[in-house]
$ cat query.pdb   # PDB, C-alpha atoms and all ligand atoms
ATOM      1  CA  MET T   1       0.718  62.652 -31.073
ATOM      2  CA  SER T   2       0.416  59.295 -32.703
ATOM      3  CA  ILE T   3      -3.192  59.032 -33.763
ATOM      4  CA  GLN T   4      -5.415  62.065 -33.807
ATOM      5  CA  VAL T   5      -8.967  61.826 -35.074
ATOM      6  CA  LYS T   6     -10.877  65.111 -35.223
ATOM      7  CA  ASN T   7     -14.576  65.409 -35.989
ATOM      8  CA  LEU T   8     -14.427  62.440 -38.300
ATOM      9  CA  THR T   9     -17.547  61.597 -40.257
ATOM     10  CA  LYS T  10     -18.016  58.809 -42.779
ATOM     11  CA  GLU T  11     -21.079  58.286 -44.882
ATOM     12  CA  TYR T  12     -21.761  55.289 -47.103
ATOM     13  CA  ASN T  13     -24.350  56.446 -49.612
ATOM     14  CA  GLN T  14     -26.948  57.915 -47.280
ATOM     15  CA  GLN T  15     -25.908  56.066 -44.155
ATOM     16  CA  ARG T  16     -23.741  57.805 -41.581
ATOM     17  CA  ALA T  17     -21.467  55.072 -40.194
ATOM     18  CA  VAL T  18     -19.222  57.414 -38.208
ATOM     19  CA  ASN T  19     -20.624  60.640 -36.855
ATOM     20  CA  GLN T  20     -18.289  63.471 -35.820
ATOM     21  CA  ILE T  21     -15.957  61.425 -33.655
ATOM     22  CA  SER T  22     -12.756  62.669 -32.079
ATOM     23  CA  LEU T  23     -10.161  60.604 -30.292
ATOM     24  CA  THR T  24      -6.458  60.685 -29.576
ATOM     25  CA  VAL T  25      -3.986  57.911 -28.954
ATOM     26  CA  GLN T  26      -0.746  59.125 -27.393
ATOM     27  CA  PRO T  27       2.631  57.656 -28.347
ATOM     28  CA  GLY T  28       3.200  54.376 -26.526
ATOM     29  CA  GLU T  29      -0.403  53.951 -25.446
ATOM     30  CA  ILE T  30      -2.438  50.789 -26.030
ATOM     31  CA  VAL T  31      -6.030  51.820 -26.510
ATOM     32  CA  GLY T  32      -8.988  49.478 -26.856
ATOM     33  CA  PHE T  33     -11.611  50.521 -29.372
ATOM     34  CA  LEU T  34     -14.739  48.877 -28.176
ATOM     35  CA  GLY T  35     -18.220  48.720 -29.581
ATOM     36  CA  PRO T  36     -20.973  46.378 -30.731
ATOM     37  CA  ASN T  37     -21.147  45.147 -34.312
ATOM     38  CA  GLY T  38     -21.893  47.905 -36.752
ATOM     39  CA  ALA T  39     -20.756  50.661 -34.375
ATOM     40  CA  GLY T  40     -18.196  52.072 -36.802
ATOM     41  CA  LYS T  41     -14.927  50.570 -35.556
ATOM     42  CA  SER T  42     -13.709  49.090 -38.834
ATOM     43  CA  THR T  43     -14.728  52.181 -40.765
ATOM     44  CA  THR T  44     -12.707  54.407 -38.435
ATOM     45  CA  MET T  45      -9.713  52.093 -38.649
ATOM     46  CA  LYS T  46      -9.812  51.853 -42.437
ATOM     47  CA  ILE T  47      -9.763  55.640 -42.590
ATOM     48  CA  ALA T  48      -6.887  55.867 -40.091
ATOM     49  CA  THR T  49      -4.837  53.439 -42.173
ATOM     50  CA  GLY T  50      -5.463  55.364 -45.374
ATOM     51  CA  TYR T  51      -7.593  52.662 -47.006
ATOM     52  CA  LEU T  52     -10.809  54.658 -47.057
ATOM     53  CA  PRO T  53     -11.265  58.414 -47.458
ATOM     54  CA  PRO T  54     -13.152  60.348 -44.785
ATOM     55  CA  THR T  55     -16.353  62.160 -45.703
ATOM     56  CA  ASP T  56     -15.500  64.965 -43.285
ATOM     57  CA  GLY T  57     -13.026  65.714 -40.513
ATOM     58  CA  THR T  58      -9.341  64.886 -40.229
ATOM     59  CA  VAL T  59      -7.176  61.979 -39.169
ATOM     60  CA  GLU T  60      -3.475  62.339 -38.500
ATOM     61  CA  VAL T  61      -1.207  59.406 -37.875
ATOM     62  CA  ASN T  62       2.338  59.990 -36.712
ATOM     63  CA  GLY T  63       1.848  63.605 -37.752
ATOM     64  CA  PHE T  64       0.719  62.764 -41.301
ATOM     65  CA  ASP T  65      -2.715  63.621 -42.623
ATOM     66  CA  VAL T  66      -4.497  60.671 -44.255
ATOM     67  CA  ARG T  67      -5.830  62.915 -47.008
ATOM     68  CA  THR T  68      -2.684  64.759 -47.971
ATOM     69  CA  ASN T  69      -0.021  62.219 -46.998
ATOM     70  CA  PRO T  70      -1.491  58.739 -47.448
ATOM     71  CA  MET T  71       1.831  57.123 -48.348
ATOM     72  CA  ASP T  72       3.552  58.362 -45.185
ATOM     73  CA  VAL T  73       0.538  57.218 -43.182
ATOM     74  CA  ARG T  74       0.848  53.711 -44.601
ATOM     75  CA  LYS T  75       4.567  53.659 -43.791
ATOM     76  CA  SER T  76       3.796  54.667 -40.217
ATOM     77  CA  VAL T  77       1.081  52.082 -39.638
ATOM     78  CA  GLY T  78       0.970  48.337 -39.284
ATOM     79  CA  TYR T  79      -2.572  47.257 -40.073
ATOM     80  CA  LEU T  80      -4.271  43.971 -39.358
ATOM     81  CA  PRO T  81      -7.635  44.170 -41.118
ATOM     82  CA  GLU T  82     -10.763  42.498 -39.813
ATOM     83  CA  HIS T  83     -10.991  38.833 -40.890
ATOM     84  CA  ASN T  84      -7.234  38.892 -41.634
ATOM     85  CA  PRO T  85      -7.209  38.269 -45.371
ATOM     86  CA  LEU T  86      -4.290  35.962 -46.180
ATOM     87  CA  TYR T  87      -3.187  34.121 -49.279
ATOM     88  CA  LEU T  88      -3.738  30.594 -48.051
ATOM     89  CA  ASP T  89      -1.741  28.932 -50.818
ATOM     90  CA  LEU T  90       1.434  30.789 -49.956
ATOM     91  CA  TYR T  91       4.064  29.623 -47.520
ATOM     92  CA  VAL T  92       4.452  31.776 -44.427
ATOM     93  CA  LYS T  93       7.770  33.280 -45.476
ATOM     94  CA  GLU T  94       6.655  33.660 -49.068
ATOM     95  CA  TYR T  95       3.656  35.673 -47.897
ATOM     96  CA  LEU T  96       5.790  37.827 -45.610
ATOM     97  CA  ARG T  97       8.265  38.484 -48.438
ATOM     98  CA  PHE T  98       5.355  39.562 -50.601
ATOM     99  CA  SER T  99       3.928  41.851 -47.868
ATOM    100  CA  GLY T 100       7.345  43.324 -47.168
ATOM    101  CA  SER T 101       7.921  44.150 -50.799
ATOM    102  CA  LEU T 102       4.578  45.994 -50.843
ATOM    103  CA  HIS T 103       5.917  48.061 -47.972
ATOM    104  CA  GLY T 104       8.983  48.807 -50.075
ATOM    105  CA  LEU T 105      11.481  46.858 -47.969
ATOM    106  CA  ARG T 106      14.614  45.985 -49.940
ATOM    107  CA  SER T 107      15.403  42.315 -50.255
ATOM    108  CA  ASP T 108      18.569  42.409 -48.114
ATOM    109  CA  GLU T 109      16.828  43.992 -45.125
ATOM    110  CA  LEU T 110      13.638  42.039 -45.787
ATOM    111  CA  GLY T 111      15.185  38.671 -44.930
ATOM    112  CA  LYS T 112      16.412  39.999 -41.622
ATOM    113  CA  ARG T 113      13.092  41.634 -40.772
ATOM    114  CA  ILE T 114      11.192  38.455 -41.613
ATOM    115  CA  SER T 115      13.333  36.409 -39.208
ATOM    116  CA  GLU T 116      12.996  39.002 -36.451
ATOM    117  CA  THR T 117       9.257  39.280 -36.889
ATOM    118  CA  ILE T 118       8.716  35.518 -36.991
ATOM    119  CA  GLU T 119      10.559  35.381 -33.696
ATOM    120  CA  LEU T 120       8.543  38.241 -32.202
ATOM    121  CA  VAL T 121       5.132  36.731 -32.965
ATOM    122  CA  GLY T 122       6.150  33.173 -32.057
ATOM    123  CA  LEU T 123       5.866  31.629 -35.512
ATOM    124  CA  GLY T 124       9.212  29.847 -35.345
ATOM    125  CA  ARG T 125       7.981  26.267 -35.481
ATOM    126  CA  GLU T 126       5.370  26.948 -38.137
ATOM    127  CA  GLN T 127       7.451  29.153 -40.408
ATOM    128  CA  HIS T 128       8.002  26.507 -43.092
ATOM    129  CA  LYS T 129       4.310  25.682 -43.542
ATOM    130  CA  ARG T 130       1.749  26.859 -45.990
ATOM    131  CA  ILE T 131      -0.721  29.329 -44.446
ATOM    132  CA  SER T 132      -3.581  26.922 -45.250
ATOM    133  CA  GLN T 133      -1.966  24.374 -42.914
ATOM    134  CA  LEU T 134      -1.991  26.725 -39.923
ATOM    135  CA  SER T 135      -4.572  26.931 -37.136
ATOM    136  CA  LYS T 136      -6.562  30.138 -36.756
ATOM    137  CA  GLY T 137      -4.301  31.297 -33.925
ATOM    138  CA  TYR T 138      -1.204  30.886 -36.060
ATOM    139  CA  ARG T 139      -2.846  32.582 -39.003
ATOM    140  CA  GLN T 140      -3.437  35.562 -36.725
ATOM    141  CA  ARG T 141       0.263  35.538 -35.901
ATOM    142  CA  VAL T 142       1.022  35.677 -39.622
ATOM    143  CA  GLY T 143      -1.335  38.657 -39.878
ATOM    144  CA  LEU T 144       0.430  40.343 -36.969
ATOM    145  CA  ALA T 145       3.829  39.577 -38.502
ATOM    146  CA  GLN T 146       2.681  41.207 -41.736
ATOM    147  CA  ALA T 147       1.622  44.294 -39.751
ATOM    148  CA  LEU T 148       4.953  44.468 -37.915
ATOM    149  CA  LEU T 149       7.337  43.778 -40.794
ATOM    150  CA  HIS T 150       8.207  47.354 -41.688
ATOM    151  CA  ASN T 151       8.580  48.174 -37.992
ATOM    152  CA  PRO T 152       5.910  50.888 -37.926
ATOM    153  CA  PRO T 153       5.505  53.105 -34.844
ATOM    154  CA  VAL T 154       1.714  52.655 -34.904
ATOM    155  CA  LEU T 155      -0.341  49.450 -34.938
ATOM    156  CA  ILE T 156      -3.996  49.366 -35.900
ATOM    157  CA  LEU T 157      -5.491  45.945 -35.257
ATOM    158  CA  ASP T 158      -9.105  45.256 -36.164
ATOM    159  CA  GLU T 159     -10.569  42.526 -33.937
ATOM    160  CA  PRO T 160      -7.344  40.537 -33.806
ATOM    161  CA  THR T 161      -8.727  37.953 -31.378
ATOM    162  CA  THR T 162     -12.211  37.301 -32.761
ATOM    163  CA  GLY T 163     -12.825  33.610 -33.375
ATOM    164  CA  LEU T 164      -9.877  32.298 -31.375
ATOM    165  CA  ASP T 165     -10.143  29.606 -28.726
ATOM    166  CA  PRO T 166      -9.243  30.597 -25.147
ATOM    167  CA  ASN T 167      -5.626  29.393 -25.395
ATOM    168  CA  GLN T 168      -5.003  31.121 -28.697
ATOM    169  CA  LEU T 169      -6.693  34.203 -27.295
ATOM    170  CA  ALA T 170      -4.308  34.413 -24.361
ATOM    171  CA  GLU T 171      -1.327  33.879 -26.662
ATOM    172  CA  ILE T 172      -2.344  36.526 -29.168
ATOM    173  CA  ARG T 173      -3.007  39.001 -26.365
ATOM    174  CA  GLN T 174       0.513  38.353 -25.146
ATOM    175  CA  VAL T 175       1.909  38.916 -28.641
ATOM    176  CA  ILE T 176       0.023  42.215 -28.831
ATOM    177  CA  ARG T 177       1.368  43.280 -25.440
ATOM    178  CA  ASP T 178       4.926  42.350 -26.488
ATOM    179  CA  ALA T 179       4.667  43.948 -29.897
ATOM    180  CA  GLY T 180       3.033  47.017 -28.386
ATOM    181  CA  ARG T 181       5.792  47.664 -25.892
ATOM    182  CA  ASN T 182       7.455  50.373 -27.988
ATOM    183  CA  LYS T 183       4.502  51.202 -30.188
ATOM    184  CA  THR T 184       1.243  53.039 -30.218
ATOM    185  CA  VAL T 185      -1.605  50.569 -30.542
ATOM    186  CA  LEU T 186      -5.274  51.017 -31.360
ATOM    187  CA  PHE T 187      -7.120  47.746 -31.417
ATOM    188  CA  SER T 188     -10.771  46.982 -31.723
ATOM    189  CA  THR T 189     -12.808  44.316 -30.034
ATOM    190  CA  HIS T 190     -16.326  43.770 -28.859
ATOM    191  CA  ILE T 191     -15.142  41.984 -25.721
ATOM    192  CA  MET T 192     -14.684  44.061 -22.609
ATOM    193  CA  GLN T 193     -12.392  41.565 -20.844
ATOM    194  CA  GLU T 194     -10.032  41.903 -23.737
ATOM    195  CA  VAL T 195      -9.649  45.568 -23.046
ATOM    196  CA  GLU T 196      -9.030  44.803 -19.393
ATOM    197  CA  ALA T 197      -6.322  42.321 -20.305
ATOM    198  CA  VAL T 198      -4.413  44.482 -22.744
ATOM    199  CA  CYS T 199      -5.216  48.189 -22.615
ATOM    200  CA  ASP T 200      -4.398  51.352 -20.765
ATOM    201  CA  ARG T 201      -7.471  53.133 -21.926
ATOM    202  CA  VAL T 202     -10.762  52.391 -23.625
ATOM    203  CA  VAL T 203     -12.744  54.310 -26.202
ATOM    204  CA  ILE T 204     -16.285  53.037 -26.647
ATOM    205  CA  ILE T 205     -18.175  53.727 -29.852
ATOM    206  CA  ASN T 206     -21.868  53.111 -30.411
ATOM    207  CA  ARG T 207     -23.829  53.870 -33.571
ATOM    208  CA  GLY T 208     -21.039  55.981 -34.952
ATOM    209  CA  GLN T 209     -20.541  58.086 -31.841
ATOM    210  CA  ILE T 210     -18.080  57.993 -28.966
ATOM    211  CA  VAL T 211     -19.892  57.209 -25.723
ATOM    212  CA  ALA T 212     -16.882  56.793 -23.420
ATOM    213  CA  ASP T 213     -13.198  57.637 -23.532
ATOM    214  CA  SER T 214     -11.288  57.057 -20.313
ATOM    215  CA  PRO T 215      -8.801  54.944 -18.403
ATOM    216  CA  LEU T 216     -10.384  51.690 -17.243
ATOM    217  CA  SER T 217     -10.118  52.608 -13.564
ATOM    218  CA  GLN T 218     -12.018  55.804 -14.198
ATOM    219  CA  LEU T 219     -14.705  54.022 -16.196
ATOM    220  CA  ARG T 220     -15.246  51.622 -13.324
ATOM    221  CA  SER T 221     -15.827  54.406 -10.843
ATOM    222  CA  SER T 222     -17.878  56.622 -13.143
ATOM    223  CA  SER T 223     -21.112  57.746 -11.566
ATOM    224  CA  ALA T 224     -23.483  56.134 -14.069
ATOM    225  CA  SER T 225     -22.006  52.752 -13.309
ATOM    226  CA  ASN T 226     -21.885  53.230  -9.569
ATOM    227  CA  ALA T 227     -25.488  52.262  -9.023
ATOM    228  CA  ILE T 228     -26.054  49.400  -6.642
ATOM    229  CA  VAL T 229     -27.942  46.499  -8.099
ATOM    230  CA  VAL T 230     -29.438  43.816  -5.908
ATOM    231  CA  VAL T 231     -31.500  40.815  -6.869
ATOM    232  CA  ALA T 232     -33.983  40.001  -4.111
ATOM    233  CA  GLU T 233     -35.859  36.729  -4.141
ATOM    234  CA  PHE T 234     -39.060  36.257  -2.202
ATOM    235  CA  GLU T 235     -40.908  33.030  -1.578
ATOM    236  CA  ASN T 236     -43.757  34.250  -3.807
ATOM    237  CA  ASP T 237     -44.324  37.044  -6.290
ATOM    238  CA  LEU T 238     -45.063  40.242  -4.401
ATOM    239  CA  PRO T 239     -48.716  41.343  -4.595
ATOM    240  CA  GLN T 240     -47.461  44.930  -4.797
ATOM    241  CA  PRO T 241     -43.860  45.140  -5.976
ATOM    242  CA  ALA T 242     -44.138  48.923  -5.741
ATOM    243  CA  ILE T 243     -43.707  48.713  -1.966
ATOM    244  CA  LEU T 244     -40.017  48.180  -2.702
ATOM    245  CA  SER T 245     -39.851  51.710  -3.961
ATOM    246  CA  ALA T 246     -40.599  52.864  -0.431
ATOM    247  CA  ILE T 247     -36.947  52.126   0.269
ATOM    248  CA  GLN T 248     -35.012  55.355   0.202
ATOM    249  CA  GLY T 249     -32.764  55.780  -2.834
ATOM    250  CA  VAL T 250     -34.359  53.065  -4.972
ATOM    251  CA  ASP T 251     -34.396  54.068  -8.639
ATOM    252  CA  SER T 252     -36.002  51.097 -10.349
ATOM    253  CA  ILE T 253     -37.568  47.710  -9.767
ATOM    254  CA  GLU T 254     -37.626  45.059 -12.440
ATOM    255  CA  PRO T 255     -39.550  41.798 -11.914
ATOM    256  CA  LEU T 256     -37.535  38.785 -13.065
ATOM    257  CA  GLY T 257     -40.221  36.166 -12.368
ATOM    258  CA  LYS T 258     -40.524  33.476  -9.651
ATOM    259  CA  GLY T 259     -40.526  36.033  -6.855
ATOM    260  CA  GLN T 260     -37.306  37.660  -8.032
ATOM    261  CA  TYR T 261     -36.790  41.380  -8.480
ATOM    262  CA  ARG T 262     -33.817  43.380  -9.695
ATOM    263  CA  ILE T 263     -33.599  46.549  -7.656
ATOM    264  CA  LYS T 264     -31.366  49.482  -8.527
ATOM    265  CA  ALA T 265     -30.395  52.268  -6.179
ATOM    266  CA  GLY T 266     -27.966  55.132  -5.936
ATOM    267  CA  PRO T 267     -24.399  54.480  -4.871
ATOM    268  CA  THR T 268     -24.741  55.451  -1.216
ATOM    269  CA  VAL T 269     -27.626  53.224  -0.240
ATOM    270  CA  ASP T 270     -27.333  50.121   1.924
ATOM    271  CA  LEU T 271     -29.881  48.319  -0.153
ATOM    272  CA  ARG T 272     -29.648  44.818   1.253
ATOM    273  CA  ALA T 273     -30.242  45.818   4.854
ATOM    274  CA  ALA T 274     -33.182  47.993   3.813
ATOM    275  CA  ILE T 275     -34.783  45.196   1.791
ATOM    276  CA  PHE T 276     -34.337  42.814   4.670
ATOM    277  CA  ARG T 277     -36.032  45.215   7.117
ATOM    278  CA  LEU T 278     -38.864  45.917   4.696
ATOM    279  CA  ALA T 279     -39.492  42.199   4.225
ATOM    280  CA  ALA T 280     -39.609  41.698   7.992
ATOM    281  CA  ASP T 281     -42.004  44.641   8.468
ATOM    282  CA  GLN T 282     -44.319  43.449   5.725
ATOM    283  CA  ASN T 283     -44.226  39.773   6.674
ATOM    284  CA  LEU T 284     -42.711  38.800   3.336
ATOM    285  CA  THR T 285     -40.528  35.727   3.209
ATOM    286  CA  LEU T 286     -37.198  36.716   1.751
ATOM    287  CA  VAL T 287     -35.314  33.677   0.483
ATOM    288  CA  GLY T 288     -32.366  35.275  -1.315
ATOM    289  CA  LEU T 289     -30.512  38.533  -1.626
ATOM    290  CA  ARG T 290     -27.455  39.137  -3.727
ATOM    291  CA  GLN T 291     -25.639  42.209  -4.876
ATOM    292  CA  GLN T 292     -24.540  42.213  -8.503
ATOM    293  CA  GLU T 293     -20.987  43.153  -9.337
ATOM    294  CA  ASN T 294     -20.583  46.282 -11.313
ATOM    295  CA  SER T 295     -18.517  44.717 -14.030
ATOM    296  CA  LEU T 296     -17.027  46.542 -16.970
ATOM    297  CA  GLU T 297     -19.186  44.269 -19.085
ATOM    298  CA  GLY T 298     -22.236  45.788 -17.390
ATOM    299  CA  ILE T 299     -20.944  49.286 -17.995
ATOM    300  CA  PHE T 300     -20.413  48.463 -21.661
ATOM    301  CA  LYS T 301     -23.972  47.159 -21.959
ATOM    302  CA  GLU T 302     -25.295  50.244 -20.257
ATOM    303  CA  LEU T 303     -23.401  52.575 -22.603
ATOM    304  CA  THR T 304     -24.274  50.775 -25.823
ATOM    305  CA  LYS T 305     -27.860  49.692 -25.352
TER     306      LYS T 305
HETATM  307  P1  LIG T 401     -17.929  47.716 -36.795
HETATM  308  O1  LIG T 401     -16.548  47.468 -37.320
HETATM  309  O2  LIG T 401     -17.962  48.484 -35.513
HETATM  310  O3  LIG T 401     -18.732  46.449 -36.705
HETATM  311  P2  LIG T 401     -18.358  49.015 -39.357
HETATM  312  O4  LIG T 401     -17.458  50.201 -39.393
HETATM  313  O5  LIG T 401     -17.946  47.816 -40.117
HETATM  314  O6  LIG T 401     -18.696  48.669 -37.838
HETATM  315  O7  LIG T 401     -19.789  49.444 -39.892
HETATM  316  C1  LIG T 401     -20.462  50.609 -39.469
HETATM  317  C2  LIG T 401     -21.751  50.758 -40.265
HETATM  318  O8  LIG T 401     -21.423  51.056 -41.635
HETATM  319  C3  LIG T 401     -22.590  49.505 -40.310
HETATM  320  O9  LIG T 401     -23.933  49.891 -40.273
HETATM  321  C4  LIG T 401     -22.233  48.883 -41.636
HETATM  322  O10 LIG T 401     -23.300  48.110 -42.144
HETATM  323  C5  LIG T 401     -21.973  50.083 -42.495
HETATM  324  N1  LIG T 401     -20.974  49.804 -43.552
HETATM  325  C6  LIG T 401     -19.704  49.352 -43.349
HETATM  326  N2  LIG T 401     -19.040  49.221 -44.531
HETATM  327  C7  LIG T 401     -19.904  49.618 -45.496
HETATM  328  C8  LIG T 401     -19.823  49.727 -46.935
HETATM  329  N3  LIG T 401     -18.696  49.429 -47.583
HETATM  330  N4  LIG T 401     -20.920  50.159 -47.576
HETATM  331  C9  LIG T 401     -22.056  50.491 -46.930
HETATM  332  N5  LIG T 401     -22.201  50.420 -45.597
HETATM  333  C10 LIG T 401     -21.147  49.984 -44.864
HETATM  334 MG    MG T 402     -15.642  45.707 -37.721
END
$ encode --input "query.pdb" --output "structure tokens"
Amino acid sequence: MSIQVKNLTKEYNQQRAVNQISLTVQPGEIVGFLGPNGAGKSTTMKIATGYLPPTDGTVEVNGFDVRTNPMDVRKSVGYLPEHNPLYLDLYVKEYLRFSGSLHGLRSDELGKRISETIELVGLGREQHKRISQLSKGYRQRVGLAQALLHNPPVLILDEPTTGLDPNQLAEIRQVIRDAGRNKTVLFSTHIMQEVEAVCDRVVIINRGQIVADSPLSQLRSSSASNAIVVVAEFENDLPQPAILSAIQGVDSIEPLGKGQYRIKAGPTVDLRAAIFRLAADQNLTLVGLRQQENSLEGIFKELTK
């Protein structure tokens, strides 16, 4: 098993940032680690890369325990930290030589690995520049190259696409997919679409606890997210919005203003037809009716509110 987190807890002073979480990433899997800011993603990743000790629980990477075998963990992992700290004054290759030497690569193999990695992350045309001269997207590629240099079986990438423009975003996602082809990848993001674009599976963390861990397809069809949501718009505000709850299966009614109501019902209800009939019966002028898509974004919001 490539990454195995068991009952991991991390406390900073009195604050519990990660609370008894367990998760597993199988060899070859690309797993998205999703959660709002402050959820505990970076903390978990720093522990899994051996940069921060756990307060309680265990983390094994590539079979090595982060407590007892931190050096083997670091050899097994390519890590792109949040905010990708780079030495801006260095030239790209100079920086990669420096990173490689930290990983203990010998100078003869290092040159070869640097060329291969530059190729892999698409840095070819920028390889002779100083890092300070590169765009954010290319700086991320340097960060990814640094993580890949020692050819680790596991990649841990902390928000690798945050702050990129849409073109750079698509390119970096592609690099992650390419680089992840023969590797185990755990990468964090707070964007659901990102997970859809890159991952096999998603683990969602909120306030230090895991609130979902499943393949995307399964998350989409999970019962909590299967509710039907319709926005009905009437010509005027309803004198008694509660009459909508007379419709069988309706769970909640939320006024949105200007005669609009968001109505939620269980998965088996034909809500639109029922609203239409109710409006006709009650002589209410219905001017709009639309069903809201049950997007993964919505599911994420639901799970992390
Ligand atoms: P995420 O990466 O999901 O945004 P973090 O793991 O960075 O979340 O943070 C989780 C919680 O731990 C937050 O409340 C954060 O303020 C707190 N935290 C993170 N690092 C430290 C630290 N070095 N000292 C104290 N509190 C921290
Ligand atoms: Mg973070």
$ resolve_selection --input "query.pdb" --expression "the PyMOL selection byres (((chain T and resi 66) around 10) and not hetatm)" --output "compact mmCIF listing (two decimals) with C-alpha atoms, in the coordinates of the input"
# COMPACT_ATOMS: atom_id res chain seq x y z
CA ILE T 47 -9.76 55.64 -42.59
CA ALA T 48 -6.89 55.87 -40.09
CA THR T 49 -4.84 53.44 -42.17
CA GLY T 50 -5.46 55.36 -45.37
CA TYR T 51 -7.59 52.66 -47.01
CA LEU T 52 -10.81 54.66 -47.06
CA PRO T 53 -11.26 58.41 -47.46
CA PRO T 54 -13.15 60.35 -44.78
CA THR T 58 -9.34 64.89 -40.23
CA VAL T 59 -7.18 61.98 -39.17
CA GLU T 60 -3.48 62.34 -38.50
CA VAL T 61 -1.21 59.41 -37.88
CA GLY T 63 1.85 63.60 -37.75
CA PHE T 64 0.72 62.76 -41.30
CA ASP T 65 -2.72 63.62 -42.62
CA ARG T 67 -5.83 62.92 -47.01
CA THR T 68 -2.68 64.76 -47.97
CA ASN T 69 -0.02 62.22 -47.00
CA PRO T 70 -1.49 58.74 -47.45
CA MET T 71 1.83 57.12 -48.35
CA ASP T 72 3.55 58.36 -45.18
CA VAL T 73 0.54 57.22 -43.18
CA ARG T 74 0.85 53.71 -44.60
$ closest_atom_pairs --input "query.pdb" --of "chain T" --to "ligand LIG 401 (chain T)" --cutoff "6 Å" --atoms "all atoms listed in the file" --output "JSON lines"
{"residue": "T:Tyr12", "atom": "CA", "partner": "T:LIG401", "partner_atom": "C9", "distance": 4.8}
{"residue": "T:Ala17", "atom": "CA", "partner": "T:LIG401", "partner_atom": "O8", "distance": 4.3}
{"residue": "T:Gly35", "atom": "CA", "partner": "T:LIG401", "partner_atom": "O2", "distance": 5.9}
{"residue": "T:Asn37", "atom": "CA", "partner": "T:LIG401", "partner_atom": "O3", "distance": 3.6}
{"residue": "T:Gly38", "atom": "CA", "partner": "T:LIG401", "partner_atom": "O6", "distance": 3.5}
{"residue": "T:Ala39", "atom": "CA", "partner": "T:LIG401", "partner_atom": "O2", "distance": 3.7}
{"residue": "T:Gly40", "atom": "CA", "partner": "T:LIG401", "partner_atom": "O4", "distance": 3.3}
{"residue": "T:Lys41", "atom": "CA", "partner": "T:LIG401", "partner_atom": "O2", "distance": 3.7}
{"residue": "T:Ser42", "atom": "CA", "partner": "T:LIG401", "partner_atom": "O1", "distance": 3.6}
{"residue": "T:Thr43", "atom": "CA", "partner": "T:LIG401", "partner_atom": "O4", "distance": 3.6}
$ residues_near_ligand --input "query.pdb" --ligand "ligand MG 402 (chain T)" --cutoff "12 Å" --atoms "all atoms listed in the file" --output "VMD selection string"
chain T and resid 17 33 to 46 80 to 84 157 to 160 162 187 to 190 205 208
$ resolve_selection --input "query.pdb" --expression "the PyMOL selection byres (((chain T and resi 105-119) around 9) and not hetatm)" --output "VMD selection string"
chain T and resid 93 96 to 97 100 to 104 120 to 124 127 141 to 142 144 to 146 148 to 151
$ closest_residue --input "query.pdb" --among "T:Val287, T:Leu155, T:Leu271, T:Leu216" --to "Val203 (chain T)" --atoms "all atoms listed in the file"
T:Leu216
$ resolve_selection --input "query.pdb" --expression "the PyMOL selection byres (((chain T and resi 27) around 7) and not hetatm)" --output "list in words"
Met1, Ser2, Val25, Gln26, Gly28, Glu29, Lys183 and Thr184 of chain T
$ atom_distance --input "query.pdb" --atom1 "CA of Val229 (chain T)" --atom2 "CA of Leu284 (chain T)"
20.2 Å
$ closest_residue --input "query.pdb" --among "T:Val202, T:Ala273, T:Leu90, T:Leu286" --to "Arg220 (chain T)" --atoms "all atoms listed in the file"
T:Val202
$ atom_distance --input "query.pdb" --atom1 "CA of Lys10 (chain T)" --atom2 "CA of Arg207 (chain T)"
12.0 Å
$ closest_residue --input "query.pdb" --among "T:Cys199, T:Gly137, T:Glu94, T:Ile210" --to "Thr9 (chain T)" --atoms "only C-alpha atoms"
T:Ile210
$ closest_residue --input "query.pdb" --among "T:Glu302, T:Glu297, T:Asp270, T:Glu11" --to "Met192 (chain T)" --atoms "all atoms listed in the file"
T:Glu297
$ atom_distance --input "query.pdb" --atom1 "CA of Ala246 (chain T)" --atom2 "CA of Gly298 (chain T)"
26.0 Å
$ closest_residue --input "query.pdb" --among "T:Gly163, T:Gly288, T:Gly143, T:Pro255" --to "Glu235 (chain T)" --atoms "all atoms listed in the file"
T:Gly288
$ residues_near_point --input "query.pdb" --point "(-21.1, 63.9, -31.4)" --cutoff "12 Å" --atoms "all atoms listed in the file" --output "list in words"
Lys6, Asn7, Leu8, Thr9, Val18, Asn19, Gln20, Ile21, Ser22, Leu23, Ile205, Asn206, Arg207, Gly208, Gln209, Ile210, Val211 and Ala212 of chain T
$ axis_aligned_box --input "query.pdb" --around "region 232-240 of chain T" --padding-each-side "6 Å" --output "lines of an AutoDock Vina configuration file"
center_x = -41.3
center_y = 39.0
center_z = -3.9
size_x = 26.7
size_y = 23.9
size_z = 16.7
